[in-house]
file protein.pdb (PDB, C-alpha atoms, pLDDT in the B column)
ATOM      1  CA  MET A  42    -158.608 140.435 144.619  1.00 95.00           C
ATOM      2  CA  ILE A  43    -160.559 137.298 143.866  1.00 98.00           C
ATOM      3  CA  VAL A  44    -162.636 134.906 145.957  1.00 98.00           C
ATOM      4  CA  LEU A  45    -162.373 131.331 144.675  1.00 98.00           C
ATOM      5  CA  LEU A  46    -165.426 129.111 145.090  1.00 98.00           C
ATOM      6  CA  PRO A  47    -166.173 125.524 144.096  1.00 97.00           C
ATOM      7  CA  PRO A  48    -169.199 124.766 141.936  1.00 97.00           C
ATOM      8  CA  SER A  49    -172.123 122.812 143.351  1.00 95.00           C
ATOM      9  CA  GLU A  50    -173.081 119.249 142.505  1.00 92.00           C
ATOM     10  CA  THR A  51    -176.749 120.237 142.457  1.00 91.00           C
ATOM     11  CA  LYS A  52    -177.697 122.637 139.700  1.00 96.00           C
ATOM     12  CA  HIS A  53    -180.743 124.602 138.610  1.00 96.00           C
ATOM     13  CA  GLU A  54    -182.221 123.521 135.277  1.00 96.00           C
ATOM     14  CA  PRO A  55    -183.533 126.566 133.378  1.00 97.00           C
ATOM     15  CA  ARG A  56    -186.474 125.984 131.051  1.00 95.00           C
ATOM     16  CA  ARG A  57    -185.492 128.687 128.596  1.00 96.00           C
ATOM     17  CA  GLY A  58    -182.403 130.667 127.733  1.00 95.00           C
ATOM     18  CA  ALA A  59    -179.748 131.093 125.088  1.00 97.00           C
ATOM     19  CA  ARG A  60    -177.556 128.152 124.134  1.00 98.00           C
ATOM     20  CA  LEU A  61    -174.010 127.809 125.398  1.00 98.00           C
ATOM     21  CA  ALA A  62    -171.524 130.101 123.651  1.00 98.00           C
ATOM     22  CA  LEU A  63    -168.038 129.363 124.953  1.00 98.00           C
ATOM     23  CA  GLY A  64    -166.606 132.493 123.351  1.00 95.00           C
ATOM     24  CA  THR A  65    -168.815 134.759 125.472  1.00 98.00           C
ATOM     25  CA  LEU A  66    -167.569 133.444 128.832  1.00 98.00           C
ATOM     26  CA  SER A  67    -165.129 135.319 131.036  1.00 98.00           C
ATOM     27  CA  PHE A  68    -161.459 134.435 130.670  1.00 98.00           C
ATOM     28  CA  PRO A  69    -161.651 133.839 126.888  1.00 98.00           C
ATOM     29  CA  GLU A  70    -158.089 132.501 126.919  1.00 98.00           C
ATOM     30  CA  LEU A  71    -159.633 129.296 128.285  1.00 98.00           C
ATOM     31  CA  THR A  72    -161.896 128.745 125.266  1.00 98.00           C
ATOM     32  CA  PRO A  73    -159.707 126.092 123.529  1.00 98.00           C
ATOM     33  CA  ALA A  74    -159.327 124.093 126.752  1.00 98.00           C
ATOM     34  CA  ARG A  75    -163.064 124.416 127.444  1.00 98.00           C
ATOM     35  CA  GLU A  76    -163.840 123.081 123.977  1.00 98.00           C
ATOM     36  CA  THR A  77    -161.517 120.123 124.558  1.00 98.00           C
ATOM     37  CA  VAL A  78    -163.115 119.173 127.878  1.00 98.00           C
ATOM     38  CA  LEU A  79    -166.645 119.741 126.579  1.00 98.00           C
ATOM     39  CA  SER A  80    -166.072 117.525 123.535  1.00 98.00           C
ATOM     40  CA  ALA A  81    -164.631 114.769 125.728  1.00 97.00           C
ATOM     41  CA  LEU A  82    -167.549 115.001 128.162  1.00 98.00           C
ATOM     42  CA  LEU A  83    -170.124 114.802 125.354  1.00 97.00           C
ATOM     43  CA  GLU A  84    -168.523 111.625 124.033  1.00 96.00           C
ATOM     44  CA  ILE A  85    -168.057 109.947 127.419  1.00 97.00           C
ATOM     45  CA  SER A  86    -171.588 110.755 128.602  1.00 97.00           C
ATOM     46  CA  GLY A  87    -173.033 108.583 125.846  1.00 96.00           C
ATOM     47  CA  ARG A  88    -171.029 105.498 126.777  1.00 96.00           C
ATOM     48  CA  PRO A  89    -172.545 102.559 128.693  1.00 96.00           C
ATOM     49  CA  ASP A  90    -169.927 103.012 131.428  1.00 96.00           C
ATOM     50  CA  ALA A  91    -170.437 106.797 131.661  1.00 97.00           C
ATOM     51  CA  CYS A  92    -171.558 106.784 135.299  1.00 97.00           C
ATOM     52  CA  GLN A  93    -168.515 104.785 136.342  1.00 96.00           C
ATOM     53  CA  LEU A  94    -166.130 107.019 134.385  1.00 96.00           C
ATOM     54  CA  LEU A  95    -167.677 110.175 135.834  1.00 97.00           C
ATOM     55  CA  ASP A  96    -167.841 108.693 139.362  1.00 95.00           C
ATOM     56  CA  VAL A  97    -171.600 109.189 139.540  1.00 95.00           C
ATOM     57  CA  SER A  98    -174.194 106.906 141.121  1.00 95.00           C
ATOM     58  CA  PRO A  99    -176.150 104.806 138.601  1.00 94.00           C
ATOM     59  CA  GLY A 100    -179.256 106.458 140.003  1.00 94.00           C
ATOM     60  CA  LEU A 101    -178.122 109.683 138.317  1.00 94.00           C
ATOM     61  CA  ALA A 102    -177.812 108.139 134.870  1.00 96.00           C
ATOM     62  CA  ASP A 103    -180.370 110.594 133.497  1.00 96.00           C
ATOM     63  CA  VAL A 104    -178.256 113.526 134.716  1.00 95.00           C
ATOM     64  CA  VAL A 105    -175.176 112.077 133.002  1.00 97.00           C
ATOM     65  CA  ALA A 106    -177.163 111.465 129.808  1.00 97.00           C
ATOM     66  CA  ARG A 107    -178.184 115.134 129.854  1.00 97.00           C
ATOM     67  CA  ASN A 108    -174.517 116.034 129.385  1.00 98.00           C
ATOM     68  CA  GLN A 109    -174.856 114.910 125.757  1.00 98.00           C
ATOM     69  CA  ARG A 110    -177.118 117.913 125.104  1.00 98.00           C
ATOM     70  CA  LEU A 111    -174.935 120.582 126.693  1.00 98.00           C
ATOM     71  CA  ARG A 112    -174.577 122.503 123.436  1.00 98.00           C
ATOM     72  CA  GLU A 113    -178.377 122.723 123.085  1.00 97.00           C
ATOM     73  CA  LEU A 114    -179.611 123.100 126.667  1.00 98.00           C
ATOM     74  CA  PRO A 115    -180.877 126.499 127.887  1.00 98.00           C
ATOM     75  CA  THR A 116    -178.346 128.483 129.910  1.00 98.00           C
ATOM     76  CA  ALA A 117    -178.597 130.776 132.912  1.00 98.00           C
ATOM     77  CA  THR A 118    -175.970 132.710 134.846  1.00 98.00           C
ATOM     78  CA  ALA A 119    -173.536 130.676 136.924  1.00 98.00           C
ATOM     79  CA  GLY A 120    -174.942 132.459 139.972  1.00 98.00           C
ATOM     80  CA  GLN A 121    -178.341 130.929 139.127  1.00 98.00           C
ATOM     81  CA  ILE A 122    -177.135 127.502 137.940  1.00 98.00           C
ATOM     82  CA  TYR A 123    -175.130 126.670 141.078  1.00 98.00           C
ATOM     83  CA  THR A 124    -177.322 125.832 144.065  1.00 96.00           C
ATOM     84  CA  GLY A 125    -176.892 124.079 147.391  1.00 93.00           C
ATOM     85  CA  VAL A 126    -175.626 124.993 150.848  1.00 95.00           C
ATOM     86  CA  LEU A 127    -172.791 127.372 149.914  1.00 96.00           C
ATOM     87  CA  TYR A 128    -174.795 129.254 147.299  1.00 97.00           C
ATOM     88  CA  ASP A 129    -177.866 129.443 149.522  1.00 97.00           C
ATOM     89  CA  ALA A 130    -175.693 131.150 152.152  1.00 97.00           C
ATOM     90  CA  LEU A 131    -174.164 133.459 149.538  1.00 98.00           C
ATOM     91  CA  ASP A 132    -177.729 134.408 148.510  1.00 98.00           C
ATOM     92  CA  LEU A 133    -176.806 136.553 145.521  1.00 98.00           C
ATOM     93  CA  PRO A 134    -180.379 137.727 144.748  1.00 97.00           C
ATOM     94  CA  SER A 135    -180.692 139.455 148.125  1.00 98.00           C
ATOM     95  CA  LEU A 136    -177.533 141.547 147.700  1.00 98.00           C
ATOM     96  CA  ASP A 137    -177.992 145.208 146.874  1.00 98.00           C
ATOM     97  CA  SER A 138    -176.828 146.477 143.485  1.00 97.00           C
ATOM     98  CA  ALA A 139    -173.417 147.635 144.709  1.00 97.00           C
ATOM     99  CA  ALA A 140    -172.706 144.313 146.433  1.00 98.00           C
ATOM    100  CA  ARG A 141    -173.846 142.402 143.330  1.00 97.00           C
ATOM    101  CA  ALA A 142    -171.422 144.453 141.244  1.00 97.00           C
ATOM    102  CA  ARG A 143    -168.617 143.550 143.655  1.00 97.00           C
ATOM    103  CA  ALA A 144    -169.690 139.895 143.465  1.00 98.00           C
ATOM    104  CA  THR A 145    -169.369 140.035 139.692  1.00 97.00           C
ATOM    105  CA  ARG A 146    -165.830 141.403 140.011  1.00 96.00           C
ATOM    106  CA  ARG A 147    -164.609 139.381 142.981  1.00 97.00           C
ATOM    107  CA  LEU A 148    -166.160 135.905 142.800  1.00 98.00           C
ATOM    108  CA  VAL A 149    -164.593 133.225 140.591  1.00 98.00           C
ATOM    109  CA  VAL A 150    -166.004 129.702 140.406  1.00 98.00           C
ATOM    110  CA  VAL A 151    -163.427 127.045 139.520  1.00 98.00           C
ATOM    111  CA  SER A 152    -165.172 124.503 137.288  1.00 98.00           C
ATOM    112  CA  ALA A 153    -164.150 121.087 135.997  1.00 98.00           C
ATOM    113  CA  LEU A 154    -165.864 121.816 132.674  1.00 98.00           C
ATOM    114  CA  PHE A 155    -165.205 125.525 132.173  1.00 98.00           C
ATOM    115  CA  GLY A 156    -162.003 126.107 134.142  1.00 98.00           C
ATOM    116  CA  ALA A 157    -163.027 129.386 135.745  1.00 98.00           C
ATOM    117  CA  LEU A 158    -166.214 131.445 135.586  1.00 98.00           C
ATOM    118  CA  ARG A 159    -167.613 134.723 136.778  1.00 98.00           C
ATOM    119  CA  ILE A 160    -171.085 134.550 138.279  1.00 98.00           C
ATOM    120  CA  LYS A 161    -172.647 136.396 135.303  1.00 98.00           C
ATOM    121  CA  ASP A 162    -171.386 133.845 132.758  1.00 98.00           C
ATOM    122  CA  ARG A 163    -174.209 131.898 131.127  1.00 98.00           C
ATOM    123  CA  ILE A 164    -173.835 128.112 131.319  1.00 98.00           C
ATOM    124  CA  PRO A 165    -176.091 125.037 131.170  1.00 98.00           C
ATOM    125  CA  PRO A 166    -176.434 122.552 134.056  1.00 98.00           C
ATOM    126  CA  TYR A 167    -173.790 119.835 133.738  1.00 98.00           C
ATOM    127  CA  ARG A 168    -172.357 116.919 135.678  1.00 97.00           C
ATOM    128  CA  LEU A 169    -168.563 116.773 135.940  1.00 98.00           C
ATOM    129  CA  ALA A 170    -166.377 116.938 139.042  1.00 97.00           C
ATOM    130  CA  MET A 171    -162.761 118.065 139.243  1.00 97.00           C
ATOM    131  CA  GLY A 172    -161.707 114.797 140.895  1.00 95.00           C
ATOM    132  CA  VAL A 173    -162.614 112.835 137.763  1.00 96.00           C
ATOM    133  CA  SER A 174    -160.035 111.431 135.343  1.00 95.00           C
ATOM    134  CA  LEU A 175    -161.293 111.343 131.743  1.00 95.00           C
ATOM    135  CA  PRO A 176    -159.910 108.624 129.451  1.00 92.00           C
ATOM    136  CA  THR A 177    -158.649 111.050 126.810  1.00 89.00           C
ATOM    137  CA  LEU A 178    -157.529 113.869 129.119  1.00 96.00           C
ATOM    138  CA  GLY A 179    -156.420 112.297 132.377  1.00 96.00           C
ATOM    139  CA  ALA A 180    -157.039 113.869 135.788  1.00 97.00           C
ATOM    140  CA  LEU A 181    -158.833 117.179 135.332  1.00 98.00           C
ATOM    141  CA  GLY A 182    -157.036 119.066 138.127  1.00 97.00           C
ATOM    142  CA  PRO A 183    -153.566 118.729 136.575  1.00 97.00           C
ATOM    143  CA  MET A 184    -155.054 119.176 133.102  1.00 97.00           C
ATOM    144  CA  TRP A 185    -156.480 122.603 134.008  1.00 98.00           C
ATOM    145  CA  ARG A 186    -153.478 123.817 136.004  1.00 97.00           C
ATOM    146  CA  PRO A 187    -151.333 125.303 133.185  1.00 98.00           C
ATOM    147  CA  HIS A 188    -154.391 126.969 131.642  1.00 98.00           C
ATOM    148  CA  LEU A 189    -155.636 128.527 134.887  1.00 98.00           C
ATOM    149  CA  ASP A 190    -152.290 129.731 136.213  1.00 98.00           C
ATOM    150  CA  PRO A 191    -151.827 132.795 133.942  1.00 97.00           C
ATOM    151  CA  VAL A 192    -155.538 133.605 133.886  1.00 98.00           C
ATOM    152  CA  LEU A 193    -156.169 133.566 137.637  1.00 98.00           C
ATOM    153  CA  THR A 194    -152.827 135.171 138.446  1.00 97.00           C
ATOM    154  CA  ALA A 195    -153.843 138.093 136.226  1.00 97.00           C
ATOM    155  CA  ALA A 196    -157.354 138.198 137.725  1.00 97.00           C
ATOM    156  CA  ALA A 197    -155.953 138.437 141.267  1.00 97.00           C
ATOM    157  CA  GLY A 198    -153.690 141.327 140.302  1.00 95.00           C
ATOM    158  CA  SER A 199    -152.054 142.838 143.377  1.00 94.00           C
ATOM    159  CA  GLY A 200    -154.859 141.738 145.712  1.00 95.00           C
ATOM    160  CA  LEU A 201    -155.684 138.756 147.882  1.00 97.00           C
ATOM    161  CA  VAL A 202    -156.722 135.299 146.728  1.00 98.00           C
ATOM    162  CA  ILE A 203    -159.406 134.237 149.208  1.00 98.00           C
ATOM    163  CA  ASP A 204    -159.786 130.499 148.734  1.00 98.00           C
ATOM    164  CA  GLY A 205    -163.043 128.788 149.616  1.00 96.00           C
ATOM    165  CA  ARG A 206    -162.512 125.751 147.370  1.00 95.00           C
ATOM    166  CA  SER A 207    -162.485 122.118 148.402  1.00 91.00           C
ATOM    167  CA  ALA A 208    -159.275 120.097 148.039  1.00 91.00           C
ATOM    168  CA  ALA A 209    -160.301 118.596 144.690  1.00 93.00           C
ATOM    169  CA  TYR A 210    -160.691 122.049 143.157  1.00 96.00           C
ATOM    170  CA  GLN A 211    -157.508 123.375 144.718  1.00 95.00           C
ATOM    171  CA  ALA A 212    -155.720 120.767 142.591  1.00 95.00           C
ATOM    172  CA  ALA A 213    -156.584 122.830 139.508  1.00 98.00           C
ATOM    173  CA  TRP A 214    -154.596 125.901 140.589  1.00 97.00           C
ATOM    174  CA  VAL A 215    -152.271 126.961 143.392  1.00 95.00           C
ATOM    175  CA  PRO A 216    -150.986 130.563 143.562  1.00 96.00           C
ATOM    176  CA  ARG A 217    -147.233 130.781 143.080  1.00 93.00           C
ATOM    177  CA  GLY A 218    -144.432 133.268 143.653  1.00 92.00           C
ATOM    178  CA  ASP A 219    -145.408 136.605 145.173  1.00 92.00           C
ATOM    179  CA  LEU A 220    -149.090 135.756 144.855  1.00 95.00           C
ATOM    180  CA  ALA A 221    -148.681 132.841 147.267  1.00 94.00           C
ATOM    181  CA  GLU A 222    -147.908 135.413 149.977  1.00 93.00           C
ATOM    182  CA  ARG A 223    -151.422 136.830 149.433  1.00 95.00           C
ATOM    183  CA  TRP A 224    -153.202 133.470 149.313  1.00 96.00           C
ATOM    184  CA  VAL A 225    -155.722 132.948 152.135  1.00 97.00           C
ATOM    185  CA  HIS A 226    -157.264 129.539 152.866  1.00 95.00           C
ATOM    186  CA  LEU A 227    -160.681 129.634 154.511  1.00 96.00           C
ATOM    187  CA  ARG A 228    -160.809 126.840 157.076  1.00 94.00           C
ATOM    188  CA  VAL A 229    -164.014 126.054 158.913  1.00 91.00           C
ATOM    189  CA  PRO A 230    -163.917 123.544 161.779  1.00 81.00           C
ATOM    190  CA  GLY A 231    -166.779 121.066 161.795  1.00 72.00           C
ATOM    191  CA  VAL A 232    -168.796 118.993 159.366  1.00 65.00           C
ATOM    192  CA  SER A 233    -168.900 119.573 155.626  1.00 80.00           C
ATOM    193  CA  HIS A 234    -172.406 121.075 155.600  1.00 81.00           C
ATOM    194  CA  ALA A 235    -171.481 123.742 158.144  1.00 87.00           C
ATOM    195  CA  ALA A 236    -168.203 124.445 156.367  1.00 91.00           C
ATOM    196  CA  LYS A 237    -169.967 125.055 153.042  1.00 93.00           C
ATOM    197  CA  HIS A 238    -172.512 127.300 154.731  1.00 94.00           C
ATOM    198  CA  THR A 239    -169.832 129.365 156.452  1.00 95.00           C
ATOM    199  CA  ARG A 240    -167.772 129.749 153.274  1.00 96.00           C
ATOM    200  CA  GLY A 241    -170.876 131.041 151.539  1.00 97.00           C
ATOM    201  CA  LEU A 242    -171.412 133.553 154.341  1.00 97.00           C
ATOM    202  CA  VAL A 243    -167.776 134.695 154.112  1.00 97.00           C
ATOM    203  CA  ALA A 244    -168.066 135.180 150.338  1.00 98.00           C
ATOM    204  CA  ARG A 245    -171.227 137.201 150.921  1.00 98.00           C
ATOM    205  CA  ALA A 246    -169.498 139.350 153.566  1.00 97.00           C
ATOM    206  CA  VAL A 247    -166.610 140.063 151.180  1.00 97.00           C
ATOM    207  CA  CYS A 248    -169.068 141.148 148.478  1.00 97.00           C
ATOM    208  CA  ARG A 249    -170.888 143.433 150.908  1.00 97.00           C
ATOM    209  CA  HIS A 250    -167.710 144.998 152.269  1.00 96.00           C
ATOM    210  CA  THR A 251    -167.165 148.502 150.880  1.00 93.00           C
ATOM    211  CA  GLY A 252    -163.684 149.218 152.217  1.00 85.00           C
ATOM    212  CA  SER A 253    -160.241 148.066 151.173  1.00 85.00           C
ATOM    213  CA  LEU A 254    -159.235 144.434 151.657  1.00 93.00           C
ATOM    214  CA  ALA A 255    -155.631 144.856 150.605  1.00 91.00           C
ATOM    215  CA  SER A 256    -154.073 142.662 153.285  1.00 94.00           C
ATOM    216  CA  VAL A 257    -154.809 139.588 155.373  1.00 95.00           C
ATOM    217  CA  PRO A 258    -155.162 141.630 158.602  1.00 95.00           C
ATOM    218  CA  ALA A 259    -157.626 143.933 156.809  1.00 95.00           C
ATOM    219  CA  LEU A 260    -159.667 140.914 155.701  1.00 97.00           C
ATOM    220  CA  ALA A 261    -159.673 139.498 159.230  1.00 96.00           C
ATOM    221  CA  ARG A 262    -160.853 142.832 160.662  1.00 95.00           C
ATOM    222  CA  ALA A 263    -163.629 143.051 158.068  1.00 95.00           C
ATOM    223  CA  LEU A 264    -164.920 139.607 159.023  1.00 96.00           C
ATOM    224  CA  GLU A 265    -164.709 139.976 162.800  1.00 95.00           C
ATOM    225  CA  ALA A 266    -168.121 141.617 163.106  1.00 91.00           C
ATOM    226  CA  ASP A 267    -169.872 138.426 161.984  1.00 94.00           C
ATOM    227  CA  PHE A 268    -167.321 135.668 162.537  1.00 96.00           C
ATOM    228  CA  GLU A 269    -164.813 134.400 165.037  1.00 95.00           C
ATOM    229  CA  VAL A 270    -161.560 134.669 163.083  1.00 96.00           C
ATOM    230  CA  THR A 271    -158.142 133.219 163.869  1.00 96.00           C
ATOM    231  CA  VAL A 272    -155.259 134.105 161.564  1.00 96.00           C
ATOM    232  CA  HIS A 273    -152.447 131.623 160.977  1.00 94.00           C
ATOM    233  CA  CYS A 274    -149.300 132.847 159.255  1.00 92.00           C
ATOM    234  CA  PRO A 275    -147.818 130.741 156.432  1.00 90.00           C
ATOM    235  CA  ALA A 276    -146.089 127.643 157.768  1.00 80.00           C
ATOM    236  CA  ARG A 277    -143.429 128.167 155.123  1.00 83.00           C
ATOM    237  CA  PRO A 278    -142.987 130.307 152.018  1.00 81.00           C
ATOM    238  CA  GLY A 279    -145.482 129.608 149.254  1.00 81.00           C
ATOM    239  CA  LYS A 280    -148.076 127.909 151.468  1.00 87.00           C
ATOM    240  CA  GLY A 281    -150.346 130.878 152.061  1.00 93.00           C
ATOM    241  CA  TRP A 282    -152.210 132.115 155.117  1.00 96.00           C
ATOM    242  CA  THR A 283    -155.051 130.282 156.854  1.00 96.00           C
ATOM    243  CA  LEU A 284    -158.129 131.882 158.387  1.00 96.00           C
ATOM    244  CA  ASP A 285    -160.092 129.725 160.810  1.00 96.00           C
ATOM    245  CA  VAL A 286    -163.621 131.114 160.569  1.00 96.00           C
ATOM    246  CA  LEU A 287    -166.729 130.391 162.650  1.00 93.00           C
ATOM    247  CA  ALA A 288    -170.042 132.190 162.220  1.00 90.00           C
ATOM    248  CA  ARG A 289    -171.174 133.948 165.386  1.00 84.00           C
TER
END
call {"tool": "encode", "arguments": {"input": "protein.pdb", "output": "structure tokens"}}
result
Amino acid sequence: MIVLLPPSETKHEPRRGARLALGTLSFPELTPARETVLSALLEISGRPDACQLLDVSPGLADVVARNQRLRELPTATAGQIYTGVLYDALDLPSLDSAARARATRRLVVVSALFGALRIKDRIPPYRLAMGVSLPTLGALGPMWRPHLDPVLTAAAGSGLVIDGRSAAYQAAWVPRGDLAERWVHLRVPGVSHAAKHTRGLVARAVCRHTGSLASVPALARALEADFEVTVHCPARPGKGWTLDVLAR
């Protein structure tokens, strides 16, 4: 089982830490693709039109310029680097040791720069969104798709794929075949801020849950103590289940 999360736009900037080592990250099969995207980002971030190419406000030019130093910047764990509403609700530091161990096994962050990460992977703060199209690589979602498909399919194994990603990050990978029958979209009615918060709470609940979550009904039952949950069966084969979730 895996829980797919998007990264955050806002990121913690560590003052000290080891430099980025792509070969030490989870899913080492992605290393060549990571190197390709990283090299392209380093080059583009030094261009005069970098903010336009990366779809970033000119007011964040200093953040884009920082991308040029990604190989030298201090790193921290992905769980520390990613901040914001979803990750505040997830609140990894407050989990007990057993729940943190489950978070390490279950949570996967889909990243425009790194493809996929576990929360213990050490990365620097960066600025790159999945919806961007890089001049040398094209749209990043389709670019990552063939690389992520075998890796995330293997990571999910025979369990559920609980999907808390935004649409832009879903473009990078969609479960196929038998796995699509175990794909669960988390849908939260309401504004974006509340949706991010609720998805973070759901991810936290999954990490804290000690029992089996081998089926969609089992997942729904596990969440019902803290959320109002409505289960929607797949509209057609390959489209996955949908869970409408509201925090109580």
call {"tool": "resolve_selection", "arguments": {"input": "protein.pdb", "expression": "the PyMOL selection byres ((chain A and resi 50) around 10)", "output": "list of chain:residue names"}}
result
A:Pro47, A:Pro48, A:Ser49, A:Thr51, A:Lys52, A:Tyr123, A:Thr124, A:Gly125, A:Pro166, A:Tyr167, A:Arg168, A:Leu169, A:Ala170
call {"tool": "atom_distance", "arguments": {"input": "protein.pdb", "atom1": "atom CA of Gly58 of chain A", "atom2": "atom CA of Gln109 of chain A"}}
result
17.6 Å
call {"tool": "atom_distance", "arguments": {"input": "protein.pdb", "atom1": "atom CA of Gly218 of chain A", "atom2": "atom CA of Gly279 of chain A"}}
result
6.8 Å
call {"tool": "atom_distance", "arguments": {"input": "protein.pdb", "atom1": "atom CA of Ala244 of chain A", "atom2": "atom CA of Ile43 of chain A"}}
result
10.1 Å
call {"tool": "resolve_selection", "arguments": {"input": "protein.pdb", "expression": "the PyMOL selection byres ((chain A and resi 178-181) around 9)", "output": "JSON, numbers by chain"}}
result
{"A": [77, 78, 81, 153, 154, 170, 171, 172, 173, 174, 175, 176, 177, 182, 183, 184, 185, 186, 212, 213]}
